[in-house]
$ cat upload-v8.cif   # mmCIF, C-alpha atoms
data_upload
loop_
_atom_site.group_PDB
_atom_site.id
_atom_site.type_symbol
_atom_site.label_atom_id
_atom_site.label_comp_id
_atom_site.auth_asym_id
_atom_site.auth_seq_id
_atom_site.Cartn_x
_atom_site.Cartn_y
_atom_site.Cartn_z
ATOM 1 C CA MET A 1 38.492 -6.323 18.156
ATOM 2 C CA SER A 2 41.683 -5.116 19.884
ATOM 3 C CA ASN A 3 41.521 -2.596 22.727
ATOM 4 C CA SER A 4 43.354 -0.029 20.591
ATOM 5 C CA ASN A 5 40.389 0.087 18.224
ATOM 6 C CA VAL A 6 37.744 0.494 20.938
ATOM 7 C CA GLU A 7 36.408 4.007 21.469
ATOM 8 C CA GLN A 8 36.945 5.411 24.953
ATOM 9 C CA TYR A 9 34.682 7.861 26.777
ATOM 10 C CA ALA A 10 35.219 10.183 29.724
ATOM 11 C CA ILE A 11 32.910 11.043 32.611
ATOM 12 C CA ASN A 12 30.516 13.889 31.650
ATOM 13 C CA GLU A 13 31.211 13.315 27.948
ATOM 14 C CA LYS A 14 28.178 13.474 25.673
ATOM 15 C CA ALA A 15 27.720 10.476 23.414
ATOM 16 C CA LEU A 16 25.141 8.666 21.303
ATOM 17 C CA CYS A 17 23.801 5.414 22.715
ATOM 18 C CA TYR A 18 21.732 2.620 21.224
ATOM 19 C CA HIS A 19 18.582 1.811 23.206
ATOM 20 C CA GLY A 20 16.683 -0.891 21.371
ATOM 21 C CA PRO A 21 16.759 -0.154 17.620
ATOM 22 C CA LEU A 22 17.166 3.620 18.064
ATOM 23 C CA ILE A 23 20.004 5.955 19.055
ATOM 24 C CA TYR A 24 19.648 8.609 21.759
ATOM 25 C CA GLU A 25 21.844 11.370 23.112
ATOM 26 C CA ALA A 26 23.345 10.380 26.457
ATOM 27 C CA LYS A 27 25.833 11.578 29.082
ATOM 28 C CA ILE A 28 28.550 9.386 30.608
ATOM 29 C CA LEU A 29 28.184 9.337 34.410
ATOM 30 C CA LYS A 30 30.470 6.460 35.448
ATOM 31 C CA VAL A 31 33.172 4.271 33.905
ATOM 32 C CA HIS A 32 33.814 0.575 34.614
ATOM 33 C CA ASN A 33 36.992 -0.989 33.258
ATOM 34 C CA ALA A 34 37.378 -4.007 35.577
ATOM 35 C CA GLN A 35 38.371 -7.386 34.164
ATOM 36 C CA GLY A 36 35.785 -10.115 33.686
ATOM 37 C CA PRO A 37 32.040 -10.002 32.978
ATOM 38 C CA HIS A 38 30.168 -6.882 34.097
ATOM 39 C CA PRO A 39 27.868 -7.678 37.069
ATOM 40 C CA VAL A 40 24.824 -6.101 35.367
ATOM 41 C CA THR A 41 25.139 -7.002 31.674
ATOM 42 C CA GLY A 42 27.300 -10.122 31.979
ATOM 43 C CA GLN A 43 29.415 -8.873 29.062
ATOM 44 C CA GLU A 44 33.152 -8.305 29.161
ATOM 45 C CA GLY A 45 34.999 -5.123 28.306
ATOM 46 C CA ALA A 46 34.555 -1.453 29.137
ATOM 47 C CA HIS A 47 31.136 -0.348 30.416
ATOM 48 C CA TYR A 48 29.648 3.091 30.966
ATOM 49 C CA PHE A 49 26.794 4.248 33.165
ATOM 50 C CA VAL A 50 24.716 6.625 31.012
ATOM 51 C CA HIS A 51 21.860 9.079 31.426
ATOM 52 C CA TYR A 52 19.642 9.567 28.366
ATOM 53 C CA LYS A 53 18.956 13.222 27.613
ATOM 54 C CA GLY A 54 15.343 14.135 28.394
ATOM 55 C CA TRP A 55 14.636 10.773 30.088
ATOM 56 C CA LYS A 56 13.914 10.159 33.759
ATOM 57 C CA GLN A 57 16.791 8.960 35.931
ATOM 58 C CA THR A 58 15.107 5.579 36.272
ATOM 59 C CA TRP A 59 16.301 4.870 32.707
ATOM 60 C CA ASP A 60 19.980 5.403 33.638
ATOM 61 C CA GLU A 61 21.862 2.172 32.989
ATOM 62 C CA TRP A 62 25.167 0.410 32.444
ATOM 63 C CA VAL A 63 25.908 -0.221 28.764
ATOM 64 C CA PRO A 64 28.824 -1.930 27.021
ATOM 65 C CA VAL A 65 31.003 0.253 24.812
ATOM 66 C CA SER A 66 29.526 -1.488 21.749
ATOM 67 C CA ARG A 67 26.273 0.464 22.289
ATOM 68 C CA LEU A 68 28.006 3.849 22.256
ATOM 69 C CA MET A 69 28.936 6.155 19.398
ATOM 70 C CA LYS A 70 30.891 9.377 19.398
ATOM 71 C CA MET A 71 28.863 12.579 19.086
ATOM 72 C CA THR A 72 29.794 13.391 15.494
ATOM 73 C CA GLU A 73 27.679 15.052 12.830
ATOM 74 C CA GLU A 74 27.678 11.872 10.757
ATOM 75 C CA ASN A 75 26.503 9.744 13.693
ATOM 76 C CA MET A 76 23.810 12.295 14.567
ATOM 77 C CA LYS A 77 22.498 12.035 11.002
ATOM 78 C CA ILE A 78 22.234 8.263 11.446
ATOM 79 C CA ALA A 79 20.341 8.759 14.724
ATOM 80 C CA ARG A 80 17.889 11.236 13.194
ATOM 81 C CA SER A 81 17.273 8.956 10.223
ATOM 82 C CA LEU A 82 16.464 5.994 12.497
ATOM 83 C CA HIS A 83 14.070 8.048 14.620
ATOM 84 C CA LEU A 84 12.310 9.494 11.602
ATOM 85 C CA GLY A 85 11.766 6.111 9.970
ATOM 86 C CA THR A 86 10.499 4.494 13.172
ATOM 87 C CA HIS A 87 8.075 7.238 14.179
ATOM 88 C CA LEU A 88 6.629 7.745 10.735
ATOM 89 C CA ASN A 89 6.147 4.024 10.233
ATOM 90 C CA SER A 90 4.400 3.590 13.588
ATOM 91 C CA ASP A 91 0.710 4.095 14.331
ATOM 92 C CA PRO A 92 0.296 7.868 14.934
ATOM 93 C CA LYS A 93 -1.990 7.229 17.901
ATOM 94 C CA SER A 94 0.403 4.818 19.581
ATOM 95 C CA ALA A 95 3.672 6.579 18.835
ATOM 96 C CA LYS A 96 3.663 8.518 22.079
ATOM 97 C CA GLY A 97 3.091 5.451 24.172
ATOM 98 C CA SER A 98 5.631 3.361 22.316
ATOM 99 C CA ALA A 99 8.277 6.021 22.802
ATOM 100 C CA LYS A 100 7.738 6.021 26.547
ATOM 101 C CA GLY A 101 7.864 2.258 26.604
ATOM 102 C CA ALA A 102 11.082 1.897 24.613
ATOM 103 C CA GLY A 103 13.505 -0.597 26.030
ATOM 104 C CA GLY A 104 11.101 -2.593 28.151
ATOM 105 C CA SER A 105 13.878 -4.688 29.683
ATOM 106 C CA ALA A 106 15.337 -1.589 31.257
ATOM 107 C CA SER A 107 11.990 -0.606 32.777
ATOM 108 C CA ALA A 108 11.695 -4.077 34.309
ATOM 109 C CA ASN A 109 15.083 -3.649 35.969
ATOM 110 C CA VAL A 110 14.112 -0.418 37.720
ATOM 111 C CA LYS A 111 10.564 -1.250 38.793
ATOM 112 C CA GLY A 112 11.665 -2.785 42.079
ATOM 113 C CA ALA A 113 14.491 -0.350 42.799
ATOM 114 C CA ALA A 114 14.392 1.463 46.131
ATOM 115 C CA ARG A 115 13.682 5.204 45.936
ATOM 116 C CA LYS A 116 16.864 7.111 46.776
ATOM 117 C CA ASP A 117 15.260 10.559 46.975
ATOM 118 C CA GLY A 118 12.949 9.734 49.879
ATOM 119 C CA THR A 119 9.760 10.443 47.927
ATOM 120 C CA SER A 120 6.715 8.241 48.041
ATOM 121 C CA ARG A 121 5.363 6.534 44.919
ATOM 122 C CA GLY A 122 2.547 9.083 44.670
ATOM 123 C CA GLN A 123 4.899 12.039 45.079
ATOM 124 C CA LYS A 124 7.237 10.710 42.398
ATOM 125 C CA ARG A 125 4.330 10.088 40.025
ATOM 126 C CA ALA A 126 3.107 13.663 40.538
ATOM 127 C CA ARG A 127 6.603 15.015 39.921
ATOM 128 C CA ASP A 128 6.981 12.894 36.780
ATOM 129 C CA ASP A 129 3.608 14.145 35.526
ATOM 130 C CA VAL A 130 4.876 17.726 35.876
ATOM 131 C CA LEU A 131 8.049 16.833 33.986
ATOM 132 C CA ASP A 132 6.000 15.160 31.237
ATOM 133 C CA SER A 133 3.818 18.268 30.998
ATOM 134 C CA GLN A 134 6.891 20.462 30.658
ATOM 135 C CA GLU A 135 8.237 18.200 27.913
ATOM 136 C CA GLU A 136 4.897 18.466 26.063
ATOM 137 C CA SER A 137 5.102 22.272 26.096
ATOM 138 C CA LYS A 138 8.662 22.196 24.690
ATOM 139 C CA ARG A 139 7.786 20.072 21.657
ATOM 140 C CA THR A 140 8.435 21.589 18.285
ATOM 141 C CA GLU A 141 5.282 21.995 16.196
ATOM 142 C CA LEU A 142 5.166 21.037 12.547
ATOM 143 C CA LYS A 143 3.948 24.029 10.598
ATOM 144 C CA LEU A 144 2.606 23.339 7.131
ATOM 145 C CA GLU A 145 0.961 26.210 5.291
ATOM 146 C CA MET A 146 -1.496 25.233 2.577
ATOM 147 C CA PRO A 147 -1.193 27.272 -0.643
ATOM 148 C CA GLU A 148 -4.384 28.868 -1.881
ATOM 149 C CA ALA A 149 -4.615 26.429 -4.803
ATOM 150 C CA MET A 150 -4.694 23.506 -2.344
ATOM 151 C CA LYS A 151 -7.290 25.201 -0.151
ATOM 152 C CA VAL A 152 -9.527 25.547 -3.187
ATOM 153 C CA ARG A 153 -9.061 21.836 -3.948
ATOM 154 C CA LEU A 154 -10.035 20.913 -0.395
ATOM 155 C CA VAL A 155 -13.211 23.003 -0.508
ATOM 156 C CA ASP A 156 -14.225 21.709 -3.926
ATOM 157 C CA ASP A 157 -13.610 18.133 -2.786
ATOM 158 C CA TRP A 158 -15.696 18.648 0.371
ATOM 159 C CA GLU A 159 -18.554 20.157 -1.631
ATOM 160 C CA ALA A 160 -18.525 17.391 -4.253
ATOM 161 C CA VAL A 161 -18.786 14.640 -1.631
ATOM 162 C CA THR A 162 -20.946 16.171 1.088
ATOM 163 C CA LYS A 163 -23.204 18.434 -0.975
ATOM 164 C CA ASN A 164 -23.381 16.904 -4.424
ATOM 165 C CA ASN A 165 -23.323 13.204 -3.420
ATOM 166 C CA GLN A 166 -20.325 12.515 -5.634
ATOM 167 C CA LEU A 167 -17.409 10.147 -5.202
ATOM 168 C CA VAL A 168 -13.817 9.895 -6.363
ATOM 169 C CA SER A 169 -13.656 7.040 -8.839
ATOM 170 C CA LEU A 170 -11.495 4.222 -7.455
ATOM 171 C CA PRO A 171 -8.866 2.994 -7.940
ATOM 172 C CA ARG A 172 -7.191 6.318 -8.774
ATOM 173 C CA GLN A 173 -4.350 6.944 -11.179
ATOM 174 C CA PRO A 174 -1.910 8.197 -10.108
ATOM 175 C CA ASN A 175 -2.448 6.765 -6.653
ATOM 176 C CA VAL A 176 -0.769 7.893 -3.410
ATOM 177 C CA LYS A 177 2.035 5.353 -3.749
ATOM 178 C CA GLN A 178 2.792 6.548 -7.269
ATOM 179 C CA ILE A 179 2.610 10.218 -6.229
ATOM 180 C CA LEU A 180 5.181 9.633 -3.506
ATOM 181 C CA GLU A 181 7.421 7.687 -5.882
ATOM 182 C CA GLU A 182 7.238 10.543 -8.399
ATOM 183 C CA PHE A 183 8.072 13.101 -5.706
ATOM 184 C CA GLU A 184 11.004 10.972 -4.538
ATOM 185 C CA ALA A 185 12.332 10.786 -8.105
ATOM 186 C CA TYR A 186 11.946 14.562 -8.446
ATOM 187 C CA VAL A 187 13.911 15.219 -5.232
ATOM 188 C CA ARG A 188 16.696 12.821 -6.198
ATOM 189 C CA ARG A 189 16.925 14.410 -9.632
ATOM 190 C CA GLU A 190 16.687 18.096 -8.684
ATOM 191 C CA ARG A 191 18.160 17.861 -5.133
ATOM 192 C CA PRO A 192 16.498 21.065 -3.812
ATOM 193 C CA ALA A 193 18.877 23.058 -1.636
ATOM 194 C CA SER A 194 16.171 23.531 1.024
ATOM 195 C CA LEU A 195 16.018 19.802 1.833
ATOM 196 C CA PRO A 196 18.548 18.399 4.326
ATOM 197 C CA ASP A 197 20.304 15.017 4.161
ATOM 198 C CA ILE A 198 18.404 13.808 1.090
ATOM 199 C CA ASP A 199 20.123 10.431 0.792
ATOM 200 C CA ALA A 200 19.660 9.653 4.507
ATOM 201 C CA LEU A 201 16.183 11.059 5.170
ATOM 202 C CA LEU A 202 14.213 10.858 1.915
ATOM 203 C CA PRO A 203 13.556 7.065 1.935
ATOM 204 C CA SER A 204 12.260 7.191 5.534
ATOM 205 C CA ILE A 205 10.020 10.179 4.827
ATOM 206 C CA ILE A 206 8.492 8.626 1.697
ATOM 207 C CA SER A 207 7.916 5.304 3.447
ATOM 208 C CA GLY A 208 6.558 7.021 6.543
ATOM 209 C CA LEU A 209 4.076 9.239 4.700
ATOM 210 C CA LYS A 210 2.763 6.218 2.821
ATOM 211 C CA THR A 211 2.336 4.289 6.083
ATOM 212 C CA TYR A 212 0.656 7.266 7.749
ATOM 213 C CA PHE A 213 -1.829 7.430 4.877
ATOM 214 C CA ASP A 214 -2.599 3.705 4.951
ATOM 215 C CA LYS A 215 -3.245 3.803 8.703
ATOM 216 C CA ALA A 216 -5.079 7.121 8.858
ATOM 217 C CA LEU A 217 -7.410 6.760 5.868
ATOM 218 C CA GLY A 218 -10.122 4.587 7.395
ATOM 219 C CA LYS A 219 -9.935 6.311 10.778
ATOM 220 C CA ASN A 220 -9.655 10.003 9.976
ATOM 221 C CA LEU A 221 -9.726 10.907 6.285
ATOM 222 C CA LEU A 222 -13.140 9.819 5.014
ATOM 223 C CA TYR A 223 -16.484 11.551 4.961
ATOM 224 C CA ARG A 224 -19.391 9.403 6.113
ATOM 225 C CA PHE A 225 -20.755 9.332 2.574
ATOM 226 C CA GLU A 226 -17.557 7.614 1.374
ATOM 227 C CA ARG A 227 -17.565 4.737 3.869
ATOM 228 C CA PRO A 228 -19.534 2.156 1.812
ATOM 229 C CA GLN A 229 -17.162 2.776 -1.106
ATOM 230 C CA TYR A 230 -14.195 2.367 1.254
ATOM 231 C CA ALA A 231 -15.568 -0.919 2.600
ATOM 232 C CA ASN A 232 -15.880 -2.309 -0.920
ATOM 233 C CA ILE A 233 -12.448 -1.259 -2.155
ATOM 234 C CA ARG A 234 -10.834 -2.355 1.115
ATOM 235 C CA GLU A 235 -12.298 -5.847 0.832
ATOM 236 C CA LYS A 236 -11.093 -6.151 -2.759
ATOM 237 C CA PHE A 237 -7.591 -4.814 -2.111
ATOM 238 C CA ASP A 238 -7.099 -6.832 1.078
ATOM 239 C CA ALA A 239 -7.796 -9.966 -0.946
ATOM 240 C CA GLU A 240 -5.140 -8.876 -3.458
ATOM 241 C CA GLY A 241 -2.606 -7.973 -0.758
ATOM 242 C CA LYS A 242 -2.652 -4.272 -1.653
ATOM 243 C CA GLU A 243 -2.693 -1.164 0.540
ATOM 244 C CA MET A 244 -5.108 1.767 0.354
ATOM 245 C CA SER A 245 -2.288 3.974 -0.928
ATOM 246 C CA GLU A 246 -2.654 1.987 -4.159
ATOM 247 C CA ALA A 247 -6.391 2.739 -4.389
ATOM 248 C CA TYR A 248 -6.745 6.395 -3.416
ATOM 249 C CA GLY A 249 -5.152 9.459 -4.992
ATOM 250 C CA ALA A 250 -4.276 13.103 -4.474
ATOM 251 C CA GLU A 251 -7.728 14.111 -3.198
ATOM 252 C CA HIS A 252 -7.489 11.974 -0.070
ATOM 253 C CA PHE A 253 -3.721 12.397 0.274
ATOM 254 C CA LEU A 254 -4.220 16.166 0.513
ATOM 255 C CA ARG A 255 -6.665 15.609 3.374
ATOM 256 C CA MET A 256 -3.900 13.721 5.201
ATOM 257 C CA LEU A 257 -1.327 16.441 4.610
ATOM 258 C CA VAL A 258 -3.666 18.980 6.168
ATOM 259 C CA SER A 259 -3.929 16.736 9.231
ATOM 260 C CA LEU A 260 -0.194 15.975 9.387
ATOM 261 C CA PRO A 261 0.667 18.591 12.064
ATOM 262 C CA GLN A 262 -1.865 16.996 14.446
ATOM 263 C CA MET A 263 -0.542 13.516 13.669
ATOM 264 C CA VAL A 264 3.029 14.584 14.365
ATOM 265 C CA ALA A 265 1.964 16.290 17.604
ATOM 266 C CA ALA A 266 0.777 12.882 18.861
ATOM 267 C CA ALA A 267 4.256 11.412 18.330
ATOM 268 C CA SER A 268 7.378 12.003 20.422
ATOM 269 C CA LEU A 269 9.563 13.414 17.666
ATOM 270 C CA ASP A 270 12.660 15.465 18.450
ATOM 271 C CA PRO A 271 12.890 19.044 17.073
ATOM 272 C CA ASP A 272 15.389 18.159 14.322
ATOM 273 C CA THR A 273 13.116 15.401 13.024
ATOM 274 C CA VAL A 274 10.036 17.642 13.104
ATOM 275 C CA ASN A 275 11.886 20.402 11.270
ATOM 276 C CA SER A 276 13.143 17.998 8.613
ATOM 277 C CA LEU A 277 9.672 16.519 8.124
ATOM 278 C CA GLY A 278 8.263 20.034 7.841
ATOM 279 C CA LEU A 279 10.724 20.982 5.109
ATOM 280 C CA TYR A 280 10.030 17.824 3.094
ATOM 281 C CA SER A 281 6.256 18.176 3.516
ATOM 282 C CA LYS A 282 6.415 21.786 2.366
ATOM 283 C CA ALA A 283 8.400 20.752 -0.705
ATOM 284 C CA LEU A 284 5.894 17.971 -1.387
ATOM 285 C CA VAL A 285 2.914 20.331 -1.246
ATOM 286 C CA GLU A 286 4.662 22.844 -3.509
ATOM 287 C CA TRP A 287 5.441 20.070 -5.993
ATOM 288 C CA MET A 288 1.799 18.939 -5.916
ATOM 289 C CA VAL A 289 0.703 22.514 -6.665
ATOM 290 C CA ARG A 290 2.866 22.550 -9.781
ATOM 291 C CA GLU A 291 1.607 19.112 -10.845
ATOM 292 C CA ARG A 292 -2.035 19.622 -9.780
ATOM 293 C CA ALA A 293 -3.484 19.538 -13.295
ATOM 294 C CA ARG A 294 -2.603 15.852 -13.670
ATOM 295 C CA LEU A 295 -2.685 14.762 -9.999
ATOM 296 C CA PHE A 296 -6.203 15.914 -9.089
ATOM 297 C CA LEU A 297 -9.591 15.224 -10.624
ATOM 298 C CA ASN A 298 -11.610 18.086 -12.041
ATOM 299 C CA MET A 299 -15.017 18.474 -10.412
ATOM 300 C CA GLU A 300 -16.612 17.142 -13.595
ATOM 301 C CA GLN A 301 -14.654 13.904 -13.188
ATOM 302 C CA TYR A 302 -16.189 12.922 -9.844
ATOM 303 C CA ASP A 303 -18.704 10.070 -10.115
ATOM 304 C CA GLN A 304 -22.335 10.730 -9.277
ATOM 305 C CA ALA A 305 -23.418 8.184 -6.668
ATOM 306 C CA SER A 306 -26.500 6.113 -7.448
ATOM 307 C CA ILE A 307 -29.684 6.449 -5.416
ATOM 308 C CA GLN A 308 -29.045 2.964 -4.043
ATOM 309 C CA TYR A 309 -25.596 3.990 -2.830
ATOM 310 C CA GLN A 310 -26.936 7.207 -1.306
ATOM 311 C CA ASN A 311 -29.523 5.264 0.661
ATOM 312 C CA LEU A 312 -26.869 2.793 1.814
ATOM 313 C CA SER A 313 -24.553 5.555 2.999
ATOM 314 C CA ARG A 314 -27.300 7.069 5.133
ATOM 315 C CA SER A 315 -28.442 3.816 6.699
#

$ encode --input "upload-v8.cif" --output "structure tokens"
Amino acid sequence: MSNSNVEQYAINEKALCYHGPLIYEAKILKVHNAQGPHPVTGQEGAHYFVHYKGWKQTWDEWVPVSRLMKMTEENMKIARSLHLGTHLNSDPKSAKGSAKGAGGSASANVKGAARKDGTSRGQKRARDDVLDSQEESKRTELKLEMPEAMKVRLVDDWEAVTKNNQLVSLPRQPNVKQILEEFEAYVRRERPASLPDIDALLPSIISGLKTYFDKALGKNLLYRFERPQYANIREKFDAEGKEMSEAYGAEHFLRMLVSLPQMVAAASLDPDTVNSLGLYSKALVEWMVRERARLFLNMEQYDQASIQYQNLSRS
């Protein structure tokens, strides 16, 4: 590529910078335009010393111009889409840790660096802990109100399983995968005005919610009485190469949606991503309310567990 086609950046300019597979907001601190390979990266061409917004200074680094993007609305949409897809498709419990560990090669480069501020290792750790605590308090919460019709479904479902010794018949139709596919088709067809960046964000949100369900089901979404049934269907579906989102339906998916704010709180999502996820989740719940007659089982359609199963579940 000729130099005339290469973007140029000024000191103190805000830009977007690739770090691993994701894009983060950064600030240009220094410029290096010398000829020959850069002494840090070994690559030729313009280099910029950047500070990632919200990151500790130990992550500051020299990057080639190829990792930078101008701070445009279109590029910011790309960045948000990448973050949303990655966080939703990661394990909710490990998302926070993986975010802090992004770009491991950079962390290796700064581990042995001398401390320029005169603080001891313990003092710096204490200061970083305070900064981390402040960041926690600034996080945007995902707020998802459950309509009364969904609250009634949750209570009826709880009573059927825990009080009446009943089970949802598996595999369900429509299952979670099909529900999400139907919702995606609805959004693409109707294009609700309340939903931002449909073409960019919708695929990541659908994929992420499905992955969240598959990973959360066995850990957080089952009552004890349902665990023998889960073990059986899991063994069968694993052998067929299928996920649990193809076995379970709206009853268990609704349990996940209720827990979604807590799941998101465990991940390091930026405010724009949290707000977008909140809007899509709200639209999903409202759509499920309208379609509830065909998505959910009536109480009469739950299976009565056998005495043998009841004894097994209590053992």

$ residues_around --input "upload-v8.cif" --residues "stretch 157-159 of chain A" --least-positions-apart "5" --cutoff "8 Å" --atoms "all atoms listed in the file" --output "mmCIF file with C-alpha atoms, keeping the file's coordinate frame"
data_model
loop_
_atom_site.group_PDB
_atom_site.id
_atom_site.type_symbol
_atom_site.label_atom_id
_atom_site.label_comp_id
_atom_site.auth_asym_id
_atom_site.auth_seq_id
_atom_site.Cartn_x
_atom_site.Cartn_y
_atom_site.Cartn_z
ATOM 1 C CA ASN A 164 -23.381 16.904 -4.424
ATOM 2 C CA GLU A 251 -7.728 14.111 -3.198
ATOM 3 C CA MET A 299 -15.017 18.474 -10.412
#

$ residues_around --input "upload-v8.cif" --residues "stretch 13-24 of chain A" --least-positions-apart "6" --cutoff "6 Å" --atoms "only C-alpha atoms" --output "CSV table (one decimal) with C-alpha atoms, in the frame of the given file"
chain,number,residue,atom,x,y,z
A,67,ARG,CA,26.3,0.5,22.3
A,68,LEU,CA,28.0,3.8,22.3
A,69,MET,CA,28.9,6.2,19.4
A,70,LYS,CA,30.9,9.4,19.4
A,71,MET,CA,28.9,12.6,19.1
A,79,ALA,CA,20.3,8.8,14.7
A,103,GLY,CA,13.5,-0.6,26.0

$ resolve_selection --input "upload-v8.cif" --expression "the PyMOL selection byres ((chain A and resi 229-239) around 9)" --output "compact mmCIF listing (two decimals) with C-alpha atoms, in the frame of the given file"
# COMPACT_ATOMS: atom_id res chain seq x y z
CA LEU A 167 -17.41 10.15 -5.20
CA LEU A 170 -11.50 4.22 -7.46
CA PRO A 171 -8.87 2.99 -7.94
CA GLY A 218 -10.12 4.59 7.40
CA LEU A 222 -13.14 9.82 5.01
CA PHE A 225 -20.76 9.33 2.57
CA GLU A 226 -17.56 7.61 1.37
CA ARG A 227 -17.57 4.74 3.87
CA PRO A 228 -19.53 2.16 1.81
CA GLU A 240 -5.14 -8.88 -3.46
CA GLY A 241 -2.61 -7.97 -0.76
CA LYS A 242 -2.65 -4.27 -1.65
CA GLU A 243 -2.69 -1.16 0.54
CA MET A 244 -5.11 1.77 0.35
CA GLU A 246 -2.65 1.99 -4.16
CA ALA A 247 -6.39 2.74 -4.39
CA TYR A 309 -25.60 3.99 -2.83
CA SER A 313 -24.55 5.56 3.00

$ axis_aligned_box --input "upload-v8.cif" --around "stretch 9-12 of chain A" --padding-each-side "6 Å" --output "JSON"
{"center_x": 32.9, "center_y": 10.9, "center_z": 29.7, "size_x": 16.7, "size_y": 18.0, "size_z": 17.8}

$ residues_around --input "upload-v8.cif" --residues "A:Val50" --least-positions-apart "5" --cutoff "6 Å" --atoms "all atoms listed in the file" --output "ChimeraX atom specification"
/A:27-29,60-61
